[in-house]
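Coordinates from final-v1.cif are shown below (mmCIF, C-alpha atoms).
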data_protein
#
loop_
_atom_site.label_atom_id
_atom_site.label_comp_id
_atom_site.auth_asym_id
_atom_site.auth_seq_id
_atom_site.Cartn_x
_atom_site.Cartn_y
_atom_site.Cartn_z
CA MET A 1 -50.95 -13.09 -2.68
CA ALA A 2 -53.74 -12.02 -5.04
CA GLN A 3 -57.32 -11.85 -3.82
CA ALA A 4 -60.77 -12.27 -5.37
CA ILE A 5 -64.22 -11.97 -3.75
CA ASP A 6 -67.50 -13.46 -4.93
CA ASN A 7 -70.74 -13.54 -2.92
CA GLY A 8 -68.86 -12.77 0.28
CA ILE A 9 -66.43 -15.67 -0.20
CA ILE A 10 -62.74 -14.72 -0.42
CA LEU A 11 -60.06 -16.52 -2.44
CA LYS A 12 -56.36 -15.81 -1.99
CA TYR A 13 -53.92 -17.30 -4.48
CA PRO A 14 -50.33 -16.82 -5.76
CA ASP A 15 -49.83 -13.71 -7.86
CA SER A 16 -46.09 -14.21 -8.45
CA PRO A 17 -44.36 -17.16 -10.11
CA CYS A 18 -45.56 -20.27 -8.30
CA GLN A 19 -42.66 -22.66 -7.70
CA VAL A 20 -44.17 -26.12 -8.14
CA PHE A 21 -41.87 -27.82 -5.61
CA ASN A 22 -42.92 -25.34 -2.93
CA PRO A 23 -46.43 -25.24 -1.48
CA CYS A 24 -48.89 -23.74 -3.99
CA ILE A 25 -51.45 -22.37 -1.56
CA PHE A 26 -55.06 -21.39 -2.35
CA THR A 27 -57.05 -20.15 0.63
CA LEU A 28 -60.85 -19.82 0.74
CA THR A 29 -62.81 -18.21 3.56
CA GLY A 30 -66.57 -17.87 3.91
CA ALA A 31 -69.76 -19.88 4.30
CA MET A 32 -69.42 -23.06 2.20
CA ALA A 33 -69.29 -26.84 2.55
CA ARG A 34 -67.02 -28.04 -0.26
CA THR A 35 -64.70 -26.72 -2.93
CA ARG A 36 -64.51 -28.14 -6.45
CA VAL A 37 -61.36 -27.34 -8.41
CA SER A 38 -60.81 -27.64 -12.17
CA ILE A 39 -57.19 -27.19 -13.28
CA SER A 40 -55.91 -26.99 -16.87
CA ASN A 41 -52.85 -25.85 -18.79
CA GLY A 42 -54.52 -26.03 -22.19
CA THR A 43 -53.62 -29.66 -22.98
CA GLN A 44 -54.10 -31.44 -19.64
CA SER A 45 -56.84 -30.99 -17.06
CA TYR A 46 -57.74 -32.30 -13.60
CA ARG A 47 -60.71 -32.06 -11.26
CA ALA A 48 -60.82 -32.52 -7.52
CA VAL A 49 -63.30 -31.95 -4.69
CA TYR A 50 -62.27 -30.92 -1.17
CA GLN A 51 -64.26 -30.77 2.05
CA THR A 52 -63.88 -27.15 3.16
CA PRO A 53 -66.60 -26.30 5.74
CA GLY A 54 -66.31 -22.58 6.39
CA GLY A 55 -63.32 -22.38 4.09
CA GLY A 56 -59.99 -24.12 3.84
CA VAL A 57 -56.38 -24.10 2.67
CA LEU A 58 -55.60 -26.08 -0.51
CA ASP A 59 -52.05 -27.01 -1.53
CA LEU A 60 -52.24 -27.77 -5.26
CA ARG A 61 -48.54 -28.33 -5.93
CA GLU A 62 -48.96 -31.96 -7.03
CA PHE A 63 -51.33 -30.86 -9.79
CA MET A 64 -48.88 -28.13 -10.84
CA GLN A 65 -45.99 -30.60 -10.92
CA SER A 66 -47.92 -32.99 -13.15
CA PHE A 67 -48.06 -30.41 -15.94
CA PHE A 68 -44.27 -30.72 -16.24
CA ALA A 69 -44.22 -34.54 -16.32
CA ASP A 70 -44.05 -34.69 -20.12
CA MET A 71 -41.55 -31.84 -20.43
CA ASP A 72 -39.17 -32.33 -23.36
CA LEU A 73 -35.96 -30.51 -22.43
CA SER A 74 -34.44 -31.37 -25.80
CA GLN A 75 -36.79 -28.76 -27.25
CA GLU A 76 -35.56 -25.99 -24.97
CA PHE A 77 -32.98 -24.80 -27.48
CA ALA A 78 -34.18 -26.46 -30.68
CA ASN A 79 -34.35 -23.95 -33.55
CA LEU A 80 -33.44 -21.12 -31.17
CA THR A 81 -32.32 -18.12 -33.23
CA ASP A 82 -33.11 -15.22 -30.91
CA ILE A 83 -35.87 -15.92 -28.35
CA LYS A 84 -38.04 -18.90 -27.49
CA VAL A 85 -40.59 -19.74 -24.82
CA SER A 86 -39.12 -22.04 -22.16
CA GLU A 87 -40.69 -25.36 -21.21
CA LEU A 88 -39.80 -24.59 -17.59
CA GLY A 89 -42.64 -22.11 -17.11
CA LYS A 90 -46.36 -22.70 -17.72
CA THR A 91 -49.57 -20.73 -17.19
CA VAL A 92 -52.14 -22.83 -15.36
CA ASN A 93 -55.83 -21.89 -15.42
CA LEU A 94 -58.00 -22.73 -12.42
CA THR A 95 -61.73 -22.59 -11.78
CA LEU A 96 -62.72 -22.94 -8.14
CA PHE A 97 -66.35 -23.47 -7.11
CA ALA A 98 -67.45 -22.90 -3.53
CA LEU A 99 -70.36 -25.32 -2.98
CA ASP A 100 -73.18 -25.57 -0.47
CA THR A 101 -74.10 -28.86 1.22
CA ASP A 102 -76.55 -29.71 -1.60
CA GLY A 103 -73.98 -28.94 -4.32
CA THR A 104 -75.30 -25.48 -5.16
CA THR A 105 -72.60 -23.13 -6.43
CA LEU A 106 -72.14 -20.26 -3.97
CA ALA A 107 -69.15 -18.63 -5.67
CA GLN A 108 -67.00 -19.18 -8.74
CA PHE A 109 -63.44 -17.99 -9.29
CA ASN A 110 -61.55 -18.09 -12.60
CA VAL A 111 -57.86 -17.37 -12.06
CA SER A 112 -54.55 -17.99 -13.82
CA VAL A 113 -51.28 -18.78 -12.08
CA PHE A 114 -47.84 -18.83 -13.71
CA CYS A 115 -45.92 -21.90 -12.54
CA VAL A 116 -42.16 -22.49 -12.69
CA TRP A 117 -40.37 -25.85 -12.44
CA GLY A 118 -38.39 -24.81 -9.40
CA ALA A 119 -38.27 -24.22 -5.66
CA LEU A 120 -37.34 -21.31 -3.41
CA LYS A 121 -35.59 -21.36 -0.08
CA PRO A 122 -37.47 -19.81 2.87
CA ASN A 123 -37.65 -15.99 2.59
CA GLU A 124 -36.07 -16.10 -0.86
CA GLU A 125 -37.55 -13.98 -3.66
CA TYR A 126 -37.85 -15.12 -7.24
CA GLY A 127 -35.61 -13.39 -9.73
CA GLY A 128 -32.14 -14.84 -10.03
CA LEU A 129 -28.85 -13.13 -10.75
CA ARG A 130 -28.83 -9.70 -12.32
CA THR A 131 -25.17 -9.93 -13.31
CA ILE A 132 -24.36 -12.68 -15.82
CA ARG A 133 -20.86 -13.91 -16.71
CA TRP A 134 -20.61 -14.56 -20.44
CA PHE A 135 -17.72 -16.79 -21.54
CA THR A 136 -17.41 -15.42 -25.04
CA HIS A 137 -15.87 -18.56 -26.60
CA PHE A 138 -18.87 -20.64 -25.58
CA PRO A 139 -22.63 -20.54 -26.26
CA LEU A 140 -24.83 -18.66 -23.79
CA THR A 141 -28.59 -18.69 -23.44
CA LEU A 142 -30.05 -16.13 -21.07
CA SER A 143 -33.22 -17.18 -19.23
CA VAL A 144 -35.55 -14.25 -18.61
CA TYR A 145 -38.80 -14.10 -16.65
CA ALA A 146 -41.23 -11.82 -18.48
CA PRO A 147 -44.01 -10.80 -16.09
CA GLN A 148 -46.35 -9.42 -18.75
CA ASN A 149 -46.83 -8.92 -22.44
CA GLY A 150 -44.03 -6.71 -23.74
CA SER A 151 -40.62 -6.72 -25.33
CA ILE A 152 -37.02 -7.55 -24.59
CA VAL A 153 -34.95 -4.48 -25.35
CA TYR A 154 -31.23 -4.14 -25.88
CA ASP A 155 -29.94 -0.73 -26.97
CA THR A 156 -32.01 -0.02 -30.11
CA ASP A 157 -32.82 -3.67 -30.79
CA GLN A 158 -36.22 -4.93 -29.68
CA ILE A 159 -38.01 -8.25 -30.03
CA SER A 160 -41.48 -9.08 -28.78
CA ILE A 161 -42.08 -11.66 -26.08
CA PRO A 162 -43.98 -14.45 -27.88
CA GLU A 163 -46.62 -14.82 -25.14
CA PRO A 164 -49.19 -12.28 -23.89
CA THR A 165 -49.13 -13.84 -20.40
CA PRO A 166 -46.27 -14.21 -17.90
CA THR A 167 -43.65 -16.55 -19.27
CA LEU A 168 -40.06 -17.74 -19.18
CA VAL A 169 -38.06 -17.21 -22.35
CA ASN A 170 -34.62 -18.33 -23.50
CA VAL A 171 -32.68 -15.61 -25.28
CA LEU A 172 -29.71 -16.50 -27.47
CA ILE A 173 -26.61 -14.39 -26.80
CA GLU A 174 -24.07 -14.16 -29.61
CA ASN A 175 -21.19 -11.94 -30.65
CA ASP A 176 -22.55 -10.24 -33.72
CA PRO A 177 -26.04 -8.73 -33.89
CA SER A 178 -25.69 -8.00 -37.62
CA ASP A 179 -26.38 -11.63 -38.55
CA GLY A 180 -29.89 -11.41 -37.13
CA HIS A 181 -29.31 -14.19 -34.60
CA GLY A 182 -28.98 -12.57 -31.19
CA PHE A 183 -27.47 -9.48 -29.63
CA ASP A 184 -24.11 -7.95 -28.91
CA VAL A 185 -24.07 -7.85 -25.12
CA ASP A 186 -21.08 -5.74 -24.11
CA ARG A 187 -23.42 -3.42 -22.24
CA THR A 188 -26.58 -3.64 -20.15
CA TYR A 189 -29.30 -6.01 -21.27
CA GLN A 190 -32.75 -4.74 -20.31
CA ARG A 191 -36.20 -6.28 -20.09
CA GLN A 192 -39.26 -4.18 -20.77
CA GLY A 193 -42.97 -4.80 -20.26
CA HIS A 194 -45.10 -2.38 -22.28
CA THR A 195 -43.47 0.98 -21.49
CA VAL A 196 -42.28 0.19 -17.96
CA ARG A 197 -38.74 -1.10 -17.55
CA VAL A 198 -38.87 -3.62 -14.73
CA THR A 199 -35.32 -4.95 -14.35
CA GLU A 200 -31.84 -4.96 -15.79
CA TYR A 201 -29.23 -7.57 -16.59
CA THR A 202 -25.56 -6.68 -16.75
CA ILE A 203 -23.61 -9.20 -18.84
CA ILE A 204 -19.86 -9.27 -18.22
CA PRO A 205 -17.77 -10.75 -21.07
CA ASP A 206 -15.03 -13.22 -20.08
CA ASP A 207 -12.47 -14.32 -22.69
CA HIS A 208 -11.18 -17.44 -20.91
CA ASP A 209 -11.28 -20.39 -23.31
CA GLU A 210 -9.88 -23.38 -21.37
CA GLY A 211 -11.79 -25.62 -19.01
CA VAL A 212 -15.05 -27.55 -18.78
CA TYR A 213 -18.15 -25.60 -19.80
CA LEU A 214 -21.39 -26.72 -18.18
CA ARG A 215 -25.03 -25.70 -18.26
CA TRP A 216 -27.73 -26.66 -15.77
CA ILE A 217 -31.19 -25.74 -14.48
CA ASP A 218 -31.11 -23.85 -11.20
CA ARG A 219 -33.72 -23.99 -8.44
CA HIS A 220 -35.59 -21.08 -10.02
CA GLY A 221 -36.14 -22.95 -13.30
CA LEU A 222 -33.55 -20.82 -15.14
CA TRP A 223 -30.64 -22.06 -17.24
CA ARG A 224 -27.14 -21.29 -15.93
CA HIS A 225 -23.73 -21.62 -17.58
CA TRP A 226 -20.16 -21.57 -16.24
CA LEU A 227 -16.62 -22.38 -17.36
CA PHE A 228 -14.82 -24.42 -14.69
CA LYS A 229 -11.10 -25.07 -14.28
CA LYS A 230 -10.03 -28.73 -14.35
CA GLY A 231 -8.17 -30.59 -11.62
CA ASP A 232 -6.42 -33.97 -11.85
CA PRO A 233 -8.93 -36.66 -12.88
CA THR A 234 -9.18 -40.09 -11.24
CA VAL A 235 -10.11 -43.34 -12.97
CA THR A 236 -11.70 -46.36 -11.30
CA ALA A 237 -11.78 -49.61 -13.32
CA ALA A 238 -13.33 -52.92 -12.31
CA SER A 239 -14.17 -56.26 -13.88
CA ARG A 240 -17.86 -56.52 -14.65
CA PHE A 241 -19.28 -59.59 -12.86
CA GLY A 242 -15.84 -61.29 -12.97
CA LEU A 243 -16.87 -63.33 -16.03
CA TRP A 244 -14.49 -64.84 -18.54
CA ASN A 245 -14.71 -65.48 -22.25
CA ARG A 246 -13.17 -68.87 -23.23
CA ASN A 247 -10.49 -68.90 -25.87
CA ASP A 248 -11.76 -71.77 -28.00
CA TYR A 249 -15.37 -72.83 -27.78
CA ALA A 250 -15.07 -75.06 -30.89
CA LYS A 251 -12.62 -77.40 -29.15
CA TYR A 252 -14.16 -77.19 -25.70
CA ASP A 253 -15.29 -80.83 -25.69
CA ALA A 254 -12.57 -82.26 -27.96
CA GLY A 255 -10.89 -85.23 -26.30
CA ASN A 256 -13.13 -84.85 -23.28
CA GLY A 257 -10.81 -82.11 -22.06
CA TYR A 258 -7.68 -84.27 -22.21
CA VAL A 259 -6.58 -84.46 -25.83
CA GLY A 260 -6.63 -81.11 -27.61
CA GLY A 261 -9.43 -79.77 -25.42
CA LYS A 262 -8.77 -76.25 -24.18
CA GLY A 263 -12.07 -75.01 -22.88
CA TRP A 264 -11.80 -76.80 -19.55
CA GLN A 265 -8.85 -74.69 -18.49
CA GLY A 266 -10.39 -72.03 -16.24
CA ASP A 267 -7.66 -69.47 -16.89
CA ALA A 268 -7.55 -70.01 -20.67
CA GLY A 269 -9.55 -66.94 -21.62
CA ARG A 270 -10.03 -63.25 -21.04
CA ARG A 271 -12.35 -61.10 -19.02
CA GLN A 272 -15.71 -60.47 -20.65
CA SER A 273 -15.81 -56.74 -19.88
CA TYR A 274 -14.59 -53.92 -17.67
CA THR A 275 -16.35 -50.92 -16.24
CA ARG A 276 -14.66 -47.58 -15.85
CA ASN A 277 -15.59 -44.44 -13.92
CA ASP A 278 -13.82 -41.18 -14.69
CA VAL A 279 -14.13 -38.46 -12.04
CA GLN A 280 -13.11 -34.95 -13.03
CA PRO A 281 -12.58 -32.40 -10.22
CA LEU A 282 -13.72 -28.93 -11.21
CA CYS A 283 -13.27 -25.53 -9.61
CA ALA A 284 -14.59 -22.00 -9.96
CA PRO A 285 -11.83 -20.03 -8.20
CA LEU A 286 -12.54 -17.07 -5.93
CA VAL A 287 -16.18 -16.40 -6.73
CA THR A 288 -18.40 -14.01 -4.78
CA GLN A 289 -20.98 -15.18 -2.26
CA GLU A 290 -23.77 -14.51 -4.75
CA VAL A 291 -22.08 -16.54 -7.49
CA PHE A 292 -21.29 -19.32 -4.99
CA ASP A 293 -25.01 -19.63 -4.23
CA MET A 294 -25.76 -19.83 -7.94
CA LEU A 295 -23.12 -22.51 -8.52
CA GLN A 296 -24.38 -24.61 -5.61
CA ASP A 297 -27.54 -25.30 -7.59
CA ILE A 298 -25.50 -27.43 -10.01
CA THR A 299 -25.11 -30.05 -7.25
CA THR A 300 -28.86 -30.70 -7.11
CA SER A 301 -29.90 -29.89 -10.67
CA PRO A 302 -31.79 -32.70 -12.45
CA VAL A 303 -30.10 -31.70 -15.71
CA VAL A 304 -26.38 -30.98 -16.12
CA ASP A 305 -24.87 -30.85 -19.63
CA MET A 306 -21.24 -30.56 -20.74
CA PHE A 307 -20.29 -28.66 -23.87
CA LEU A 308 -18.55 -30.81 -26.52
CA GLY A 309 -17.93 -28.19 -29.20
CA TYR A 310 -19.74 -27.01 -32.28
CA GLY A 311 -21.12 -29.39 -34.89
CA THR A 312 -23.12 -29.11 -38.09
CA LEU A 313 -24.30 -25.60 -38.94
CA ASN A 314 -22.26 -24.32 -36.01
CA ARG A 315 -24.73 -25.77 -33.52
CA PRO A 316 -23.39 -26.55 -30.03
CA ASN A 317 -23.20 -30.19 -28.97
CA TRP A 318 -23.84 -31.23 -25.37
CA THR A 319 -23.73 -34.46 -23.37
CA ALA A 320 -25.34 -35.29 -20.03
CA VAL A 321 -23.06 -35.61 -17.01
CA THR A 322 -23.56 -36.15 -13.28
CA VAL A 323 -22.33 -34.19 -10.27
CA GLU A 324 -21.01 -36.29 -7.39
CA ALA A 325 -23.19 -36.19 -4.29
CA GLY A 326 -21.67 -34.63 -1.20
CA SER A 327 -21.53 -31.56 1.03
CA TYR A 328 -20.77 -28.14 -0.38
CA THR A 329 -20.06 -25.70 2.42
CA LYS A 330 -20.13 -21.95 2.00
CA ASP A 331 -17.92 -19.87 4.30
CA TRP A 332 -19.97 -16.80 5.19
CA LYS A 333 -16.87 -15.03 6.52
CA LYS A 334 -15.12 -14.93 3.14
CA PRO A 335 -16.23 -12.40 0.50
CA GLU A 336 -14.65 -14.66 -2.16
CA GLN A 337 -13.94 -18.39 -2.10
CA ASP A 338 -13.39 -21.40 -4.37
CA PHE A 339 -16.31 -23.56 -5.41
CA VAL A 340 -15.05 -27.14 -5.88
CA PHE A 341 -16.93 -30.29 -6.90
CA ASN A 342 -16.48 -33.56 -8.79
CA LEU A 343 -17.98 -34.35 -12.16
CA ILE A 344 -18.84 -37.97 -12.99
CA MET A 345 -18.21 -38.46 -16.69
CA PRO A 346 -20.48 -40.69 -18.80
CA GLU A 347 -19.44 -44.31 -18.25
CA PRO A 348 -17.66 -45.86 -21.24
CA HIS A 349 -17.62 -49.64 -21.79
CA PRO A 350 -14.12 -50.42 -23.03
CA GLN A 351 -13.10 -53.94 -23.98
CA THR A 352 -16.64 -55.31 -23.98
CA LEU A 353 -16.78 -58.51 -26.05
#

Output the file's structure as structure tokens, nothing else.
Amino acid sequence: MAQAIDNGIILKYPDSPCQVFNPCIFTLTGAMARTRVSISNGTQSYRAVYQTPGGGVLDLREFMQSFFADMDLSQEFANLTDIKVSELGKTVNLTLFALDTDGTTLAQFNVSVFCVWGALKPNEEYGGLRTIRWFTHFPLTLSVYAPQNGSIVYDTDQISIPEPTPTLVNVLIENDPSDGHGFDVDRTYQRQGHTVRVTEYTIIPDDHDEGVYLRWIDRHGLWRHWLFKKGDPTVTAASRFGLWNRNDYAKYDAGNGYVGGKGWQGDAGRRQSYTRNDVQPLCAPLVTQEVFDMLQDITTSPVVDMFLGYGTLNRPNWTAVTVEAGSYTKDWKKPEQDFVFNLIMPEPHPQTL
């Protein structure tokens, strides 16, 4: 927690990425009656007043969450050629006024908090995997948390982080750095803030090219990718509403249903439509405990996309899919184990008339 003091009043607030689905706690202590809070992310702003005699604890997560309500995930990778600021992280500016009973300002605090569209488990630290599996036949975007103004460095290549404040960025990973669109990542990928190297990513190439390739947002607000092996799919088909389409509406009333009339025959027609659900079992065989934890986030991710191949201008095409709800149990006794789940494919509407 960071701390600020003004006129003997103390404010403690998050100094690391604030996960907006966890409590976002601001604590004030000192002689005061109320606290007025103004919150803004540059385009939206809110104001609230709290009764805090002698101080109080404010959980501002609902305000933080609201700044992500208009998030356009379709823009996450639009026009991405090397690096782009992610919509999943935002800097929020707060002004907190400690007020006396008559409304006089006793103390004023101006602070900024970096918020991430995510949630941590108890005692979990923010950061994510340091070893990334790169399936070389498929597109990969590496999500990087940049804690300060600086650069992303790989070997002798360097590109500046496009924000002077803490931020999340999406970095395009490609085979050939000579085309000016990404980096060759056969070695260690390193992040640098000013002159201090703060962390390292090791990217391991994987040449497997068969399976179902998915991307999703994990609980830390970072994009993840994995190539899963396919099992035997199941198909469930059902008649929609049990309705029928008559064969001959023009002659329905001809002959009052006795001479040449066909419409009165209840079985003289065809079903109006069917529904169909395709369930595709998927598996990541014998993954480590760390990777298993990462893959578990796909079961609760609000966004899961399936890769459909490359389209115009060699841009990847994706479609939204759904992971079947259920229990996903990790065996703590096994250093490696299979991660298995079911994918619900987008529902087609065959034979709809």

Determine the residue set returned by the PyMOL selection byres ((chain A and resi 286) around 7) for the present structure, and present it as a list in words. Ala284, Pro285, Val287, Thr288, Glu336, Gln337 and Asp338 of chain A

Distance atom CA of A:Val85-atom CA of A:Glu163, one decimal place? 7.8 Å

Which of A:Gln280, A:Thr167, A:Thr27, A:Thr319 sits closest to A:Asp59 [using all atoms listed in the file]: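 Of A:Gln280, A:Thr167, A:Thr27, A:Thr319, the one nearest A:Asp59, counting all atoms listed in the file, is A:Thr27.
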
10 Å contact set for A:Phe228, only C-alpha atoms, chain neighbours under 6 positions out, as JSON, numbers by chain: {"A": [210, 211, 212, 213, 214, 281, 282, 283, 284, 285, 339, 340, 341]}

Non-local contacts of A:Tyr50 (9 Å; only C-alpha atoms; under 4 positions in same chain excluded) as a list in words: Ala33, Arg34, Thr35, Arg36, Val37, Gly56 and Leu58 of chain A

Between atom CA of A:Glu125 and atom CA of A:Pro23, distance in Å (one decimal):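 Here the two named atoms are 14.5 Å from each other.
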
Atomic separation - atom CA of A:Asp305 relative to atom CA of A:Ala320, Å: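 Distance reported for this atom pair: 4.5 Å.
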
Taking only C-alpha atoms into account, name the residue in A:Ser160, A:Thr234, A:Gln108, A:Thr29 that is nearest to A:Arg276.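 The closest residue to A:Arg276 is A:Thr234.
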
With distances taken over all atoms listed in the file, which residue among A:Gly103, A:Phe109, A:His220, A:Trp134 lies nearest A:Asn7?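 Answer, going by the shortest atom-to-atom distance: A:Phe109.
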
If you count all atoms listed in the file, which residues fall within 9 Å of A:Thr131, apart from same-chain ones fewer than 3 positions away, as a list of chain:residue names? A:Glu200, A:Tyr201, A:Thr202, A:Ile203, A:Ile204

How would you write, as a VMD selection string, the residues chosen by the PyMOL selection byres ((chain A and resi 325) around 10) on this structure? chain A and resid 299 to 300 322 to 324 326 to 328 341 to 344

Residue with smallest distance to A:Phe307 - pool A:Pro162, A:Pro335, A:Pro139, A:Ile173, counting all atoms listed in the file: A:Pro139

Can you turn the PyMOL selection byres ((chain A and resi 121) around 12) into a concrete residue list for this file, as a PyMOL selection string? chain A and resi 19+21-23+118-120+122-126+219-220+293+297

Residues near A:Val116, cut-off 7 Å, only C-alpha atoms, skip fewer than 6 positions along chain, as a VMD selection string: chain A and resid 17 to 20 88 to 90 221

With C-alpha atoms retained, write the just-selected residues as a tab-separated table (two decimals), keeping the file's coordinate frame.
chain	number	residue	atom	x	y	z
A	17	PRO	CA	-44.36	-17.16	-10.11
A	18	CYS	CA	-45.56	-20.27	-8.30
A	19	GLN	CA	-42.66	-22.66	-7.70
A	20	VAL	CA	-44.17	-26.12	-8.14
A	88	LEU	CA	-39.80	-24.59	-17.59
A	89	GLY	CA	-42.64	-22.11	-17.11
A	90	LYS	CA	-46.36	-22.70	-17.72
A	221	GLY	CA	-36.14	-22.95	-13.30

With distances taken over all atoms listed in the file, which of A:Ala48, A:Ser66, A:His137, A:Pro166 is nearest to A:Tyr310?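 Among the listed residues, the smallest separation from A:Tyr310 belongs to A:His137.
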
Counting only C-alpha atoms, figure out which residue out of A:Asp70, A:Asp278, A:Glu76, A:Asp331 gets nearest to A:Thr236. A:Asp278

Non-local contacts of A:Lys84 (12 Å; only C-alpha atoms; under 2 positions in same chain excluded) as a PyMOL selection string: chain A and resi 75-82+86-89+141-146+152+159-163+167-172+182

Now that the selection is made, can you save its residues with C-alpha atoms as a PDB file, in the frame of the given file?
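After the write, selection-v9.pdb holds the following:
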ATOM      1  CA  GLN A  75     -36.790 -28.760 -27.250  1.00  0.00           C
ATOM      2  CA  GLU A  76     -35.560 -25.990 -24.970  1.00  0.00           C
ATOM      3  CA  PHE A  77     -32.980 -24.800 -27.480  1.00  0.00           C
ATOM      4  CA  ALA A  78     -34.180 -26.460 -30.680  1.00  0.00           C
ATOM      5  CA  ASN A  79     -34.350 -23.950 -33.550  1.00  0.00           C
ATOM      6  CA  LEU A  80     -33.440 -21.120 -31.170  1.00  0.00           C
ATOM      7  CA  THR A  81     -32.320 -18.120 -33.230  1.00  0.00           C
ATOM      8  CA  ASP A  82     -33.110 -15.220 -30.910  1.00  0.00           C
ATOM      9  CA  SER A  86     -39.120 -22.040 -22.160  1.00  0.00           C
ATOM     10  CA  GLU A  87     -40.690 -25.360 -21.210  1.00  0.00           C
ATOM     11  CA  LEU A  88     -39.800 -24.590 -17.590  1.00  0.00           C
ATOM     12  CA  GLY A  89     -42.640 -22.110 -17.110  1.00  0.00           C
ATOM     13  CA  THR A 141     -28.590 -18.690 -23.440  1.00  0.00           C
ATOM     14  CA  LEU A 142     -30.050 -16.130 -21.070  1.00  0.00           C
ATOM     15  CA  SER A 143     -33.220 -17.180 -19.230  1.00  0.00           C
ATOM     16  CA  VAL A 144     -35.550 -14.250 -18.610  1.00  0.00           C
ATOM     17  CA  TYR A 145     -38.800 -14.100 -16.650  1.00  0.00           C
ATOM     18  CA  ALA A 146     -41.230 -11.820 -18.480  1.00  0.00           C
ATOM     19  CA  ILE A 152     -37.020  -7.550 -24.590  1.00  0.00           C
ATOM     20  CA  ILE A 159     -38.010  -8.250 -30.030  1.00  0.00           C
ATOM     21  CA  SER A 160     -41.480  -9.080 -28.780  1.00  0.00           C
ATOM     22  CA  ILE A 161     -42.080 -11.660 -26.080  1.00  0.00           C
ATOM     23  CA  PRO A 162     -43.980 -14.450 -27.880  1.00  0.00           C
ATOM     24  CA  GLU A 163     -46.620 -14.820 -25.140  1.00  0.00           C
ATOM     25  CA  THR A 167     -43.650 -16.550 -19.270  1.00  0.00           C
ATOM     26  CA  LEU A 168     -40.060 -17.740 -19.180  1.00  0.00           C
ATOM     27  CA  VAL A 169     -38.060 -17.210 -22.350  1.00  0.00           C
ATOM     28  CA  ASN A 170     -34.620 -18.330 -23.500  1.00  0.00           C
ATOM     29  CA  VAL A 171     -32.680 -15.610 -25.280  1.00  0.00           C
ATOM     30  CA  LEU A 172     -29.710 -16.500 -27.470  1.00  0.00           C
ATOM     31  CA  GLY A 182     -28.980 -12.570 -31.190  1.00  0.00           C
TER      32      GLY A 182
END
